[in-house]
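Peer 1: So I've got this file, final_17.txt, and it contains compact mmCIF, C-alpha atoms:
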```
# COMPACT_ATOMS: atom_id res chain seq x y z
CA MET P 2 138.33 58.14 106.35
CA ASN P 3 141.57 59.15 108.10
CA ASP P 4 143.07 57.25 111.02
CA GLU P 5 142.09 59.85 113.57
CA LEU P 6 138.41 59.84 112.62
CA ALA P 7 138.45 56.04 112.64
CA TRP P 8 139.90 56.07 116.16
CA VAL P 9 137.28 58.59 117.27
CA LEU P 10 134.47 56.43 115.87
CA GLN P 11 135.89 53.30 117.50
CA ALA P 12 136.34 55.14 120.79
CA GLN P 13 132.73 56.33 120.58
CA GLN P 14 131.75 52.66 120.33
CA GLY P 15 133.59 52.04 123.61
CA ASN P 16 136.99 50.97 122.27
CA ASP P 17 139.50 52.18 124.89
CA GLU P 18 142.46 51.13 122.71
CA ALA P 19 141.34 53.59 120.04
CA PHE P 20 141.05 56.37 122.60
CA THR P 21 144.55 55.54 123.84
CA LYS P 22 145.81 56.11 120.28
CA LEU P 23 144.16 59.53 120.33
CA VAL P 24 145.91 60.29 123.64
CA GLU P 25 149.21 59.19 122.15
CA GLU P 26 148.63 61.39 119.12
CA HIS P 27 147.58 64.56 120.94
CA GLN P 28 149.40 64.40 124.28
CA THR P 29 151.87 67.13 123.31
CA HIS P 30 149.11 69.48 122.08
CA VAL P 31 147.12 69.08 125.26
CA TYR P 32 150.08 69.10 127.64
CA ASN P 33 151.62 72.17 126.02
CA LEU P 34 148.37 74.13 126.34
CA CYS P 35 148.09 73.14 130.00
CA TYR P 36 151.72 74.02 130.64
CA ARG P 37 151.39 77.43 129.01
CA MET P 38 148.14 78.09 130.86
CA LEU P 39 149.17 76.85 134.31
CA GLY P 40 152.92 77.37 134.16
CA GLU P 41 153.96 74.34 136.21
CA PRO P 42 154.86 70.88 134.87
CA GLU P 43 153.05 69.04 137.69
CA ALA P 44 149.86 71.04 137.33
CA ALA P 45 150.09 70.74 133.55
CA GLU P 46 150.42 66.93 133.75
CA ASP P 47 147.39 66.69 136.04
CA ALA P 48 145.34 69.09 133.91
CA ALA P 49 146.27 67.29 130.69
CA GLN P 50 145.23 63.92 132.17
CA GLU P 51 141.98 65.42 133.42
CA SER P 52 141.28 67.05 130.05
CA PHE P 53 141.66 63.70 128.30
CA LEU P 54 139.31 62.13 130.84
CA ARG P 55 136.73 64.82 130.16
CA ALA P 56 137.12 64.28 126.42
CA TYR P 57 136.63 60.54 127.00
CA GLN P 58 133.46 61.15 129.02
CA ASN P 59 132.04 63.61 126.46
CA LEU P 60 133.12 61.80 123.29
CA HIS P 61 129.47 61.23 122.29
CA ARG P 62 129.10 65.02 121.98
CA TYR P 63 131.96 65.40 119.51
CA ASP P 64 130.85 66.84 116.17
CA GLN P 65 132.74 65.06 113.39
CA ASN P 66 132.57 68.13 111.14
CA ARG P 67 135.00 69.85 113.48
CA PRO P 68 138.70 68.94 113.73
CA PHE P 69 139.18 66.64 116.72
CA VAL P 70 142.19 68.60 117.99
CA THR P 71 140.17 71.84 118.06
CA TRP P 72 137.45 70.16 120.11
CA LEU P 73 140.02 68.59 122.43
CA LEU P 74 141.88 71.86 122.97
CA SER P 75 138.59 73.63 123.63
CA ILE P 76 137.90 71.20 126.49
CA THR P 77 141.46 71.67 127.74
CA ALA P 78 141.32 75.47 127.61
CA HIS P 79 137.99 75.58 129.47
CA TYR P 80 139.32 73.20 132.10
CA CYS P 81 142.51 75.26 132.62
CA ILE P 82 140.52 78.51 132.80
CA ASP P 83 138.20 76.99 135.44
CA ARG P 84 141.19 75.69 137.36
CA LEU P 85 142.92 79.06 137.31
CA ARG P 86 139.74 80.78 138.46
CA ARG P 87 139.21 78.30 141.31
CA ARG P 88 142.60 78.92 142.80
CA LYS P 89 145.31 81.33 141.87
CA LEU P 90 148.57 79.51 141.31
CA PRO P 91 151.39 80.84 143.50
CA VAL P 92 154.46 81.28 141.30
CA PHE P 93 155.81 79.94 138.06
CA SER P 94 158.66 77.48 138.45
CA ILE P 95 160.30 78.19 135.15
CA ASP P 96 163.68 77.12 136.53
CA GLU P 97 162.40 73.59 136.73
CA GLU P 98 161.91 73.38 132.99
CA ASN P 99 164.17 70.65 131.55
CA ASP P 100 165.92 70.29 134.90
CA ASP P 101 163.66 67.80 136.60
CA GLY P 102 163.07 65.65 133.56
CA THR P 103 159.37 66.32 133.42
CA THR P 104 159.08 68.88 130.64
CA PHE P 105 160.89 68.92 127.35
CA GLU P 106 160.84 71.71 124.81
CA ILE P 107 160.98 70.22 121.35
CA ALA P 108 164.44 71.23 120.10
CA ASP P 109 165.03 72.92 116.80
CA ALA P 110 167.66 70.63 115.28
CA ALA P 111 168.01 72.84 112.23
CA SER P 112 169.21 75.88 114.16
CA PRO P 113 172.63 76.92 112.78
CA ASP P 114 173.37 79.65 115.35
CA PRO P 115 173.56 78.48 118.99
CA GLU P 116 173.92 82.04 120.34
CA ALA P 117 170.84 83.33 118.51
CA GLU P 118 169.00 80.20 119.62
CA ALA P 119 170.01 80.90 123.24
CA VAL P 120 168.67 84.48 122.98
CA LYS P 121 165.46 83.19 121.44
CA ARG P 122 165.13 80.64 124.20
CA GLU P 123 165.66 83.34 126.81
CA ASP P 124 162.95 85.45 125.16
CA ARG P 125 160.57 82.48 125.08
CA GLU P 126 161.14 81.87 128.78
CA ARG P 127 160.47 85.53 129.55
CA LEU P 128 157.32 85.34 127.49
CA HIS P 129 156.23 82.22 129.34
CA VAL P 130 156.60 84.05 132.66
CA LEU P 131 154.83 87.16 131.36
CA LEU P 132 151.84 85.09 130.24
CA LYS P 133 150.80 84.76 133.88
CA GLY P 134 150.10 88.49 133.91
CA LEU P 135 147.25 88.01 131.47
CA ASP P 136 143.62 87.24 132.27
CA GLU P 137 142.89 83.48 131.95
CA THR P 138 140.79 83.75 128.79
CA ASP P 139 143.22 86.22 127.18
CA ARG P 140 146.04 83.80 127.95
CA ALA P 141 144.17 80.94 126.30
CA ALA P 142 143.47 83.08 123.23
CA VAL P 143 147.15 84.07 122.90
CA ILE P 144 148.33 80.48 123.31
CA MET P 145 145.86 79.18 120.73
CA ARG P 146 146.82 81.93 118.29
CA TYR P 147 150.62 81.67 118.54
CA TRP P 148 151.31 78.12 119.68
CA TYR P 149 148.63 76.40 117.62
CA ASP P 150 148.15 78.83 114.72
CA PHE P 151 144.40 78.84 115.35
CA SER P 152 142.40 81.33 113.32
CA GLU P 153 140.31 83.91 115.15
CA ILE P 154 137.20 81.90 114.20
CA GLU P 155 138.66 78.71 115.69
CA ILE P 156 139.63 80.54 118.87
CA ALA P 157 136.14 82.02 119.10
CA GLU P 158 134.60 78.55 118.74
CA SER P 159 136.99 76.99 121.22
CA LEU P 160 136.58 79.62 123.93
CA SER P 161 132.85 80.36 123.35
CA LEU P 162 133.56 83.95 122.36
CA THR P 163 132.60 86.12 119.40
CA VAL P 164 135.24 86.76 116.71
CA SER P 165 135.31 90.47 117.55
CA ALA P 166 135.85 89.63 121.23
CA VAL P 167 138.79 87.38 120.23
CA LYS P 168 140.36 90.17 118.13
CA SER P 169 139.97 92.64 120.94
CA ARG P 170 141.39 90.19 123.51
CA LEU P 171 144.40 89.38 121.29
CA HIS P 172 145.21 93.07 120.79
CA ARG P 173 144.75 93.81 124.48
CA SER P 174 147.02 90.89 125.38
CA ARG P 175 149.73 91.95 122.93
CA ARG P 176 149.67 95.46 124.39
CA ALA P 177 149.80 94.10 127.94
CA LEU P 178 152.69 91.76 127.09
CA ALA P 179 154.59 94.60 125.44
CA GLY P 180 154.00 96.77 128.50
CA MET P 181 155.31 94.08 130.85
CA TRP P 182 158.22 93.32 128.52
CA GLN P 183 159.12 97.01 128.40
CA GLU P 184 159.10 97.21 132.21
CA GLU P 185 161.36 94.20 132.56
CA THR P 186 163.80 94.90 129.74
CA PRO P 187 167.13 96.20 131.03
CA ARG P 188 168.41 99.25 129.18
CA THR P 189 171.70 97.56 128.30
CA ARG P 190 169.93 94.85 126.43
CA THR P 191 167.99 97.39 124.34
CA GLU P 192 171.25 98.98 123.35
CA ARG P 193 172.90 95.63 122.65
CA ARG P 194 170.02 94.52 120.38
CA PRO P 195 168.99 97.36 118.07
CA HIS P 196 165.30 97.15 117.06
CA GLU P 197 165.31 96.22 113.48
CA SER P 198 162.22 94.73 111.94
CA PRO P 199 163.23 91.47 110.32
CA ALA P 200 159.66 90.27 110.75
CA PHE P 201 158.77 92.41 107.78
CA MET J 8 154.11 109.59 122.15
CA ASN J 9 151.84 108.80 119.22
CA HIS J 10 152.19 105.11 118.31
CA ARG J 11 149.89 105.21 115.32
CA PRO J 12 150.14 103.71 112.73
CA PHE J 13 153.15 101.71 113.97
CA GLU J 14 151.20 99.93 116.69
CA ASP J 15 148.59 98.78 114.14
CA TRP J 16 151.29 97.49 111.79
CA LEU J 17 152.94 95.54 114.59
CA LEU J 18 149.73 94.20 116.15
CA ASN J 19 148.26 93.02 112.87
CA ASP J 20 151.55 91.86 111.26
CA MET J 21 150.63 93.99 108.28
CA PRO J 22 152.85 93.92 105.17
CA ILE J 23 154.59 97.31 104.84
CA SER J 24 156.48 99.10 102.09
CA PRO J 25 160.25 99.88 102.27
CA GLU J 26 159.40 103.52 103.02
CA GLN J 27 157.09 102.47 105.88
CA LYS J 28 159.79 100.12 107.16
CA ARG J 29 162.25 103.02 107.35
CA GLU J 30 159.66 105.07 109.28
CA LEU J 31 159.04 102.12 111.62
CA ASP J 32 162.77 101.58 112.26
CA SER J 33 163.18 105.26 113.03
CA HIS J 34 160.19 105.15 115.41
CA LEU J 35 161.47 102.00 117.13
CA ARG J 36 164.76 103.74 118.01
CA THR J 37 162.87 106.27 120.11
CA CYS J 38 159.81 104.32 121.30
CA SER J 39 160.51 101.56 123.81
CA TYR J 40 156.84 100.50 123.88
CA CYS J 41 156.70 99.75 120.14
CA ALA J 42 160.14 98.12 120.41
CA ALA J 43 158.73 95.86 123.12
CA LEU J 44 155.71 95.17 120.92
CA LEU J 45 158.05 94.07 118.13
CA GLU J 46 160.18 91.94 120.46
CA THR J 47 157.17 90.18 122.01
CA GLY J 48 155.81 89.62 118.49
CA LYS J 49 159.11 87.99 117.50
CA ALA J 50 159.15 85.92 120.68
CA LEU J 51 155.56 84.82 120.03
CA SER J 52 156.39 83.83 116.47
CA SER J 53 159.23 81.58 117.65
CA VAL J 54 157.36 79.75 120.42
CA LYS J 55 157.83 76.02 120.82
CA MET J 56 155.74 73.16 122.08
CA VAL J 57 156.66 71.29 125.24
CA SER J 58 156.03 67.57 125.62
CA PRO J 59 155.01 65.70 128.74
CA ALA J 60 157.39 63.31 130.49
CA ALA J 61 157.60 59.82 128.99
CA GLY J 62 154.82 57.40 129.93
CA PHE J 63 151.97 59.92 129.71
CA THR J 64 149.67 57.46 127.94
CA ALA J 65 150.33 54.71 130.50
CA ARG J 66 149.57 57.15 133.31
CA PHE J 67 146.38 58.13 131.53
CA GLN J 68 145.31 54.49 131.20
CA ALA J 69 145.90 53.97 134.92
CA ARG J 70 143.89 57.08 135.79
CA LEU J 71 141.08 56.05 133.44
CA ALA J 72 140.91 52.61 135.04
CA ALA J 73 140.84 54.14 138.55
CA ARG J 74 138.13 56.60 137.47
CA LYS J 75 136.03 53.77 136.02
CA ILE J 76 136.24 51.80 139.26
CA ALA J 77 135.32 54.90 141.28
CA GLU J 78 132.42 55.60 138.91
CA ARG J 79 131.17 52.02 139.22
CA GLN J 80 131.31 52.23 143.01
CA ARG J 81 129.55 55.60 142.96
CA ARG J 82 126.78 54.16 140.77
CA PHE J 83 126.45 51.09 142.98
CA TRP J 84 126.11 53.10 146.18
CA GLY J 85 123.86 55.59 144.39
CA ALA J 86 121.55 52.76 143.35
CA ILE J 87 121.55 51.33 146.88
CA LEU J 88 120.72 54.75 148.32
CA PHE J 89 118.00 55.30 145.72
CA VAL J 90 116.33 51.93 146.39
CA ALA J 91 116.62 52.32 150.17
CA GLY J 92 115.20 55.85 150.00
CA GLY J 93 112.35 54.71 147.76
CA LEU J 94 111.50 51.85 150.10
CA ALA J 95 111.57 54.18 153.11
CA ILE J 96 109.21 56.65 151.43
CA LEU J 97 106.94 53.79 150.33
CA LEU J 98 106.81 52.43 153.86
CA TRP J 99 106.12 55.90 155.25
CA VAL J 100 103.20 56.39 152.83
CA VAL J 101 101.80 52.89 153.00
CA GLY J 102 102.57 52.26 156.71
CA PRO J 103 99.29 53.65 158.13
CA TYR J 104 97.29 51.48 155.73
CA LEU J 105 99.22 48.28 156.35
CA ALA J 106 97.22 47.55 159.49
CA SER J 107 93.94 47.86 157.62
CA PHE J 108 95.41 45.83 154.74
CA PHE J 109 95.91 42.94 157.10
CA ALA J 110 92.40 43.41 158.50
CA SER J 111 89.37 41.55 157.19
CA PRO J 112 88.65 41.70 153.41
CA ALA J 113 85.41 43.57 154.10
CA THR J 114 87.32 46.39 155.86
CA TRP J 115 89.83 47.03 153.11
CA ILE J 116 87.21 46.65 150.36
CA SER J 117 85.10 49.31 152.04
CA ALA J 118 88.24 51.56 152.42
CA LEU J 119 88.97 51.06 148.71
CA VAL J 120 85.42 51.98 147.75
CA GLY J 121 85.65 55.04 150.03
CA TRP J 122 88.83 56.19 148.21
CA GLY J 123 87.22 55.62 144.82
CA VAL J 124 84.17 57.66 145.78
CA PHE J 125 86.42 60.44 147.14
CA LEU J 126 88.44 60.58 143.90
CA ILE J 127 85.34 60.62 141.67
CA THR J 128 83.56 63.34 143.67
CA THR J 129 86.74 65.47 143.75
CA LEU J 130 87.11 65.16 139.98
CA GLN J 131 83.44 66.09 139.44
CA ALA J 132 83.82 69.13 141.70
CA MET J 133 86.92 70.29 139.78
CA VAL J 134 85.18 69.87 136.42
CA GLN J 135 82.19 71.91 137.64
CA ALA J 136 84.41 74.66 139.08
CA GLY J 137 86.31 74.78 135.78
CA SER J 138 83.19 75.10 133.67
CA VAL J 139 81.83 77.87 135.95
CA LEU J 140 85.13 79.78 135.62
CA LEU J 141 85.09 79.35 131.83
CA ASN J 142 81.57 80.80 131.72
CA ILE J 143 82.27 83.74 134.01
CA VAL J 144 85.86 84.90 133.27
CA PRO J 145 85.42 85.87 129.58
CA ASP J 146 82.70 88.38 130.56
CA PHE J 147 85.07 90.23 132.91
CA PHE J 148 87.42 91.28 130.08
CA SER J 149 86.68 92.85 126.69
CA PRO J 150 87.88 91.01 123.53
CA PHE J 151 90.48 93.78 123.13
CA ALA J 152 91.90 93.07 126.61
CA TRP J 153 92.01 89.35 125.78
CA MET J 154 93.89 90.11 122.59
CA ILE J 155 96.49 92.20 124.47
CA LEU J 156 96.83 89.58 127.22
CA LEU J 157 97.33 86.71 124.77
CA SER J 158 99.77 88.76 122.66
CA ALA J 159 101.79 89.62 125.77
CA LEU J 160 101.90 85.97 126.81
CA ALA J 161 102.98 84.92 123.29
CA GLY J 162 105.67 87.64 123.29
CA ILE J 163 107.04 86.57 126.66
CA SER J 164 107.09 82.92 125.55
CA LEU J 165 108.94 83.88 122.36
CA LEU J 166 111.46 85.99 124.29
CA TRP J 167 112.03 83.17 126.74
CA SER J 168 112.54 80.60 123.97
CA VAL J 169 114.96 82.86 122.06
CA SER J 170 116.91 83.63 125.24
CA ILE J 171 117.29 79.94 126.03
CA TRP J 172 118.27 79.18 122.44
CA ARG J 173 120.87 81.96 122.32
CA PHE J 174 122.30 80.96 125.67
CA VAL J 175 122.67 77.34 124.58
CA ARG J 176 123.79 77.78 120.96
CA VAL J 177 125.80 81.02 120.70
CA GLY J 178 129.02 81.78 122.53
CA ARG J 179 128.80 84.67 124.94
CA GLY J 180 130.99 87.53 123.69
CA ARG J 181 132.95 88.35 126.79
```
Output the structure of this file as structure tokens.

Peer 2:
Amino acid sequence: MNDELAWVLQAQQGNDEAFTKLVEEHQTHVYNLCYRMLGEPEAAEDAAQESFLRAYQNLHRYDQNRPFVTWLLSITAHYCIDRLRRRKLPVFSIDEENDDGTTFEIADAASPDPEAEAVKREDRERLHVLLKGLDETDRAAVIMRYWYDFSEIEIAESLSLTVSAVKSRLHRSRRALAGMWQEETPRTRTERRPHESPAF
Amino acid sequence: MNHRPFEDWLLNDMPISPEQKRELDSHLRTCSYCAALLETGKALSSVKMVSPAAGFTARFQARLAARKIAERQRRFWGAILFVAGGLAILLWVVGPYLASFFASPATWISALVGWGVFLITTLQAMVQAGSVLLNIVPDFFSPFAWMILLSALAGISLLWSVSIWRFVRVGRGR
């Protein structure tokens, strides 16, 4: 039995210390999903705390055959989707990232090229802003696919969708993101960065 | 502009041959949409996790403790409300009989016997009405009509059960 399952079992017996270990272990996973979904560090902190509370209250429903993180992120995604539907958030405060000491992107220490890393970072920030243009469920699907490497089956289970619905939502989201990206890309930048396909 | 098959290659991250790569590069020079698709794909493949501010677990513990206290208070006041409501209803139902309860034993014994007789006669009347209905109703419909009626009821029950089961067990494909 691994540590995580042991903590889950102990937490199910009412051991709050064990649940605290689970919080410690998964705080980045949960917080990151909330941050990507809601866009603001304060809202993400609140949503992450609330998601852990919901997990705590529903721990008796956890199926041990399923990875704990998948179950936890499913709760988090549903909570964020509900929250977004209840009230539309005003604007993304991307400028606050790393400035107010509340949100830290995990740095890539192995990066040998600071300029390329800066461009990548700029692209990631643009992407983060563009995510708000997606429907709540589409946003959750994209985040689970690209930030957490979830398979389409895992996304379907987490968001209570069919696998074909997940595929269709991912494709629709990619097209929408490309459309928004295209609208926002200045012509000079396109010329400066010729479109090669190093991904292949 | 026709984006096929380039859009499919980019959306599905399909492995492509050197010849296809040349075709794609040539297409990307003229198609800003597919170029944006490639750039967003690259941005998505280099995403990073963000961590919460230090002390997240301690803040969670504090919130959990506060939630437990609130829950305990909610349960306490809920129980008080439940008991008070129950007592009020009991008093409202029993109130009219309290006076007779404190009357002489003969009075409340005769009231008790009256209630017993009322209950027994009502039950007897219901049993008789039921048996009369059971004798009369089957003659109104032919066996064929009964068969259709029962089949329809069984079908509706099955449909209802399956609907509930699907709603509870299977994710809704939205």

Peer 1: Tell me, in Å to one decimal, how far CA of Ala42 (chain J) is from CA of Trp182 (chain P).

Peer 2: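 CA of Trp182 (chain P) lies at a distance of 9.6 Å from CA of Ala42 (chain J).
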
Peer 1: Kindly indicate which residue among P:Ser75, P:Gln50, P:Asn66, P:Thr138 lies nearest to chain J, using all atoms listed in the file for the distances.

Peer 2: P:Gln50

Peer 1: Would you kindly report the residues of chain J within 7 Å of chain P, using all atoms listed in the file, as number ranges by chain?

Peer 2: J: 18, 22, 32, 35-36, 39-40, 42-44, 47, 50-52, 54-60, 64, 67, 71, 178-181

Peer 1: Can you tell me how far CA of Asn3 (chain P) sits from CA of Ala61 (chain J), in Å to one decimal?

Peer 2: 26.3 Å

Peer 1: Record the distance separating CA of Gln14 (chain P) and CA of Ile87 (chain J), expressed in Å with one decimal.

Peer 2: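 Pair CA of Gln14 (chain P) / CA of Ile87 (chain J) returns 28.5 Å.
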
Peer 1: Which is closer to Trp8 (chain P) than all the others in P:Gln65, P:Thr77, P:Ser52, P:Glu41, using all atoms listed in the file?

Peer 2: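 Smallest separation from Trp8 (chain P) among the options: P:Gln65.
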
Peer 1: Can you tell me which residues surround Ile82 (chain P) at a distance of at most 12 Å, considering all atoms listed in the file, apart from same-chain residues fewer than 3 positions away, and format the answer as a ChimeraX atom specification?

Peer 2: /P:34-35,37-39,48,52,74-79,85-90,135-142,160

Peer 1: If I wrap all listed atoms of region 118-132 of chain J in a box with edges along x, y and z and add 5 Å on each side, what are its centre and edge lengths in Å to one decimal, as lines of an AutoDock Vina configuration file?

Peer 2:
```
center_x = 86.2
center_y = 60.1
center_z = 145.9
size_x = 15.5
size_y = 28.1
size_z = 23.0
```
